[in-house]
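J.: The structure follows.
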Amino acid sequence: MSLLSFYARNTAELLGLTWQHVYLVAVSTGAAIVVGVPLGIALTRRPAWRAPVLGLANVFQTIPSLALFGFLIPVLGIGAWTAIAALIVYALLPIIRNTYTGIAGVDPAVREAGRGMGMTDGELLRLVELPLAAGVILAGIRVATVVSVGVATIGAAIGAGGLGVYIFRGVATVDDTLIMAGALPAALMALAADGALGLVERRVAWDAK
Amino acid sequence: MGREVRDAGRRRDTRAESPGSAPCAPCKGATRAERALSGRGTVTAVAVALRLLLLLAGCKSHDRIVVGAKNFTESDLLAEIVAQQIERRLHLPVERRLHLGGTFVCHQAITAGQIDLYVEYSGTAFTAVLKHPPVADRDSVYRQVTSEYSRQFGLRWLAPFGFDNTFAILVRGTDAERYGLKSIADLRRVAPRWHAGFGYEFLERADGFQGLSRVYGLRFAAPPTAMDLGLTYRALADGKVDVIAGNSTDGQIAALHLVALRDEQHYFPPYEAAPVVRARTLERYPSLAPALEELGGKISDDEMRHLNAAADVEHRDIRTIAQQWLEAHVP
């Protein structure tokens with residue numbers, strides 16, 4: 001059975017799973033940005049936190065997803081929320097690290113000039129540091145998003161749906177068409193997200209100049 | 001290699017004959033390598049040496065047996081027992097490729113010659129591989145599977161270990177008591193309020209969920225959640241789903257206080273575990289079949305549950321479990 005005829009007969013299912021996949025990635029990446037960017041900024045203000053926070057994010061990154069699901073079931077149960085929690089955990093590291101690196105990399109002379117103009121810490125952050133670091137922060141978000149699209153396929157192991165359902169079903173029955181049916185749209189989605197965020201990144205970098 | 005020996009003998013002294021006189025038959029590249037080394041440039045020599053290495057690797061790989069297993073503890077355990085039995089009796093190196101995918105992955109691997117044998121279940125072969133309808137004459141399953149495997153795939157079934165690992169429809173012990181659940185048919189009363197979680201294979205197989213729900217008339221609150229098989233046990237124990245499909249010989253059933261519901265209508269065929277071996281491998285090693293037949297009928301349902309619990313509940317190393325079992329039961 002070819003891939004196209006499979007899609008033709010399962011269009012509604014494909015769209016449903018694709019939507020679930022987008023939902024998993026969008027919600028988790030959104031949440032990771034909301035948590036990760038302020039955390040990255042905080043690290044530049046409190047250097048003592050840097051090693052423990054980045055260390056913890058690093059440790060989370062190394063937990064295999066099935067093991068993480070095992071830990072999360074008693075707390076969050078099964079379904080989309082458990083998968084989203086795991087995806088947030090995996091997306092945090094690149095976002096925190098790039099936010100920290102971006103802001104820490106701002107030229108001290110520029111910061112001094114801002115202070116000299118009488119800027120408060122908040123103004124310095126909003127008007128000087130964040131715009132200059134935006135390119136690097138966005139690069140982190142871009143990496144986090146692309147990785148999430150791939151990792152979200154594991155959500156199928158915990159009843160969260162998404163394109164991983166085709167992959168798991170295909171692996172259980174050694175059906176290459178089914179595996180491709182899940183892997184191909186996921187790969188395209190990752191490329192699209194990468195491309196779109198790349199455009200935003202370039203735009204922001206341009207504005208900053 | 002013969003030529004090397006002869007040349008050496010002619011050129012120097014006759015004592016050189018002894019170390020090279022046990023040639024590995026398929027490694028005919030040696031003579032060419034020798035010629036290349038003596039005459040032509042280094043490039044050719046290196047290329048030929050590389051090919052020789054590949055050939056030697058090929059020779060080595062012929063003299064070993066590859067044992068596979070599916071991705072759950074019991075399959076790994078039985079594979080380890082089989083592997084150690086081969087090592088004890090045939091004194092051959094055994095390569096373990098344990099915890100491969102599910103049934104279909106192992107079947108593909110063995111028909112492609114990637115593994116020489118693995119432990120399969122008669123009912124699984126009957127329905128999932130040979131695609132027969134699940135409800136059939138229970139006694140004929142093993143016989144039919146044996147003859148069709150031999151004809152279609154060139155695979156031989158050896159003596160079954162003696163236990164029957166059927167699908168177990170599992171509920172929490174507290175629920176079984178509260179609602180008086182004994183057989184799968186009793187589920188009908190509670191199913192409309194209940195949530196089920198199954199592994200992908202159980203949802204896809206002919207003897208899986210679709211037939212089960214039809215035969216027993218089960219309707220759940222929502223379509224069953226598809227998830228990783230190992231995670232279903234935890235989800236059930238933690239109250240996140242209410243019914244799952246596990247294996248009846250699983251050590252976790254007692255440990256997690258779960259209850260297996262009786263299959264009164266005999267929906268599931270018998271699942272007798274037995275080694276499935278490539279016919280070619282059996283021809284190549286005539287003492288392999290007798291060595292494995294020694295294991296026939298040696299493991300009862302209880303014994304298998306006990307072995308699984310040793311690995312899953314007591315967390316003991318499967319190599320040690322297999323070794324101790326073999327020493328005690330197959331001296």
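Following the order of the structure tokens, chains are lettered A, B, ..., residues in each are numbered from 1, and ligands are numbered from 1.
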Please list as JSON, numbers by chain every residue within 10 Å of segment 128-139 of chain A, counting only C-alpha atoms and excluding residues in the same chain fewer than 6 positions away.

T.: {"A": [33, 37, 40, 41, 94, 95, 96, 97, 98, 99, 100, 101, 102, 103, 104, 105, 106, 107, 110, 111, 113, 114, 119, 122, 145, 194, 197, 198, 200, 201, 202, 203, 204, 205, 206, 207, 208, 209]}

J.: With only C-alpha atoms considered, list every residue of chain B at most 7 Å from chain A, as a PyMOL selection string.

T.: chain B and resi 102+104-105+200-201+225-228+231+235+238+240

J.: Next, dump the selected residues to file, keeping only N, CA and C atoms, as a PDB file, in the first residue's frame.

T.:
ATOM      1  N   GLY B 102       8.392  -6.094  18.939  1.00  0.00           N
ATOM      2  CA  GLY B 102       7.383  -7.097  19.271  1.00  0.00           C
ATOM      3  C   GLY B 102       7.473  -8.305  18.353  1.00  0.00           C
ATOM      4  N   PHE B 104       6.251  -8.983  15.423  1.00  0.00           N
ATOM      5  CA  PHE B 104       6.479  -8.804  13.996  1.00  0.00           C
ATOM      6  C   PHE B 104       7.942  -8.506  13.697  1.00  0.00           C
ATOM      7  N   VAL B 105       8.571  -7.777  14.589  1.00  0.00           N
ATOM      8  CA  VAL B 105       9.985  -7.457  14.408  1.00  0.00           C
ATOM      9  C   VAL B 105      10.823  -8.744  14.494  1.00  0.00           C
ATOM     10  N   TYR B 200       0.105  -1.025  21.726  1.00  0.00           N
ATOM     11  CA  TYR B 200      -0.210  -0.914  20.298  1.00  0.00           C
ATOM     12  C   TYR B 200      -0.422  -2.271  19.649  1.00  0.00           C
ATOM     13  N   GLU B 201       0.368  -3.285  20.087  1.00  0.00           N
ATOM     14  CA  GLU B 201       0.243  -4.590  19.439  1.00  0.00           C
ATOM     15  C   GLU B 201      -1.137  -5.187  19.721  1.00  0.00           C
ATOM     16  N   THR B 225      -7.218   3.877  25.372  1.00  0.00           N
ATOM     17  CA  THR B 225      -6.025   4.688  25.161  1.00  0.00           C
ATOM     18  C   THR B 225      -4.899   3.789  24.650  1.00  0.00           C
ATOM     19  N   ALA B 226      -4.288   4.182  23.540  1.00  0.00           N
ATOM     20  CA  ALA B 226      -3.165   3.423  23.002  1.00  0.00           C
ATOM     21  C   ALA B 226      -1.901   3.927  23.654  1.00  0.00           C
ATOM     22  N   MET B 227      -1.128   3.041  24.250  1.00  0.00           N
ATOM     23  CA  MET B 227       0.105   3.467  24.906  1.00  0.00           C
ATOM     24  C   MET B 227       1.129   2.337  24.957  1.00  0.00           C
ATOM     25  N   ASP B 228       2.298   2.657  25.464  1.00  0.00           N
ATOM     26  CA  ASP B 228       3.365   1.680  25.582  1.00  0.00           C
ATOM     27  C   ASP B 228       2.941   0.575  26.557  1.00  0.00           C
ATOM     28  N   LEU B 231       3.994   0.726  30.209  1.00  0.00           N
ATOM     29  CA  LEU B 231       3.407   1.816  30.985  1.00  0.00           C
ATOM     30  C   LEU B 231       1.967   1.513  31.386  1.00  0.00           C
ATOM     31  N   ALA B 235      -0.058   2.608  34.803  1.00  0.00           N
ATOM     32  CA  ALA B 235      -1.271   3.422  34.693  1.00  0.00           C
ATOM     33  C   ALA B 235      -2.433   2.739  35.419  1.00  0.00           C
ATOM     34  N   ASP B 238      -1.885   2.898  39.245  1.00  0.00           N
ATOM     35  CA  ASP B 238      -2.077   4.254  39.756  1.00  0.00           C
ATOM     36  C   ASP B 238      -3.493   4.776  39.536  1.00  0.00           C
ATOM     37  N   LYS B 240      -5.106   5.324  36.744  1.00  0.00           N
ATOM     38  CA  LYS B 240      -5.316   6.215  35.608  1.00  0.00           C
ATOM     39  C   LYS B 240      -6.126   5.532  34.499  1.00  0.00           C
TER      40      LYS B 240
END

J.: Measuring atom to atom with only C-alpha atoms, identify which of B:Gly68, B:Pro286, B:Pro223, B:Pro331 is nearest to Arg96 of chain B.

T.: B:Gly68

J.: Using the chain letters and numbers from this document, which residues of segment 42-170 of chain A does DSSP assign to alpha helix (DSSP H), as a ChimeraX atom specification?

T.: /A:42-45,47-62,65-76,80-104,108-116,121-123,130-151,164-170

J.: Given the choices A:Met117, A:Ala12, A:Leu24, A:Ile167, which gets closest to Ile88 of chain A if the distance is worked out from only C-alpha atoms?

T.: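 Smallest distance to Ile88 of chain A is found for A:Leu24.
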
J.: Per DSSP on the backbone, filter segment 131-249 of chain B down to the residues in strand (DSSP E) and report them as a PDB file with C-alpha atoms, in the first residue's frame.

T.:
ATOM      1  CA  LEU B 155      11.304 -22.455  10.470  1.00  0.00           C
ATOM      2  CA  ARG B 156      11.026 -25.362  12.947  1.00  0.00           C
ATOM      3  CA  TRP B 157       9.116 -25.359  16.216  1.00  0.00           C
ATOM      4  CA  PHE B 167      -3.405 -12.536  27.313  1.00  0.00           C
ATOM      5  CA  ALA B 168      -4.681 -11.573  30.740  1.00  0.00           C
ATOM      6  CA  ILE B 169      -7.394  -8.970  30.983  1.00  0.00           C
ATOM      7  CA  LEU B 170      -6.351  -7.259  34.212  1.00  0.00           C
ATOM      8  CA  VAL B 171      -8.181  -5.085  36.711  1.00  0.00           C
ATOM      9  CA  ARG B 172      -7.203  -3.788  40.149  1.00  0.00           C
ATOM     10  CA  ALA B 196      -9.177   0.947  29.081  1.00  0.00           C
ATOM     11  CA  GLY B 197      -5.492   1.304  28.120  1.00  0.00           C
ATOM     12  CA  PHE B 198      -3.772  -1.136  25.750  1.00  0.00           C
ATOM     13  CA  THR B 225      -6.025   4.688  25.161  1.00  0.00           C
ATOM     14  CA  ALA B 226      -3.165   3.423  23.002  1.00  0.00           C
ATOM     15  CA  VAL B 243      -8.528  -2.298  32.628  1.00  0.00           C
ATOM     16  CA  ILE B 244      -5.494  -3.391  30.616  1.00  0.00           C
ATOM     17  CA  ALA B 245      -4.310  -6.447  28.689  1.00  0.00           C
ATOM     18  CA  GLY B 246      -1.157  -8.023  30.116  1.00  0.00           C
ATOM     19  CA  ASN B 247       0.463 -11.447  30.086  1.00  0.00           C
TER      20      ASN B 247
END

J.: Using only C-alpha atoms, pick whichever of B:Arg278, B:Ala185, B:Leu218, B:Asp116 has the shortest atom-to-atom distance to Tyr149 of chain B.

T.: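 The closest residue to Tyr149 of chain B is B:Arg278.
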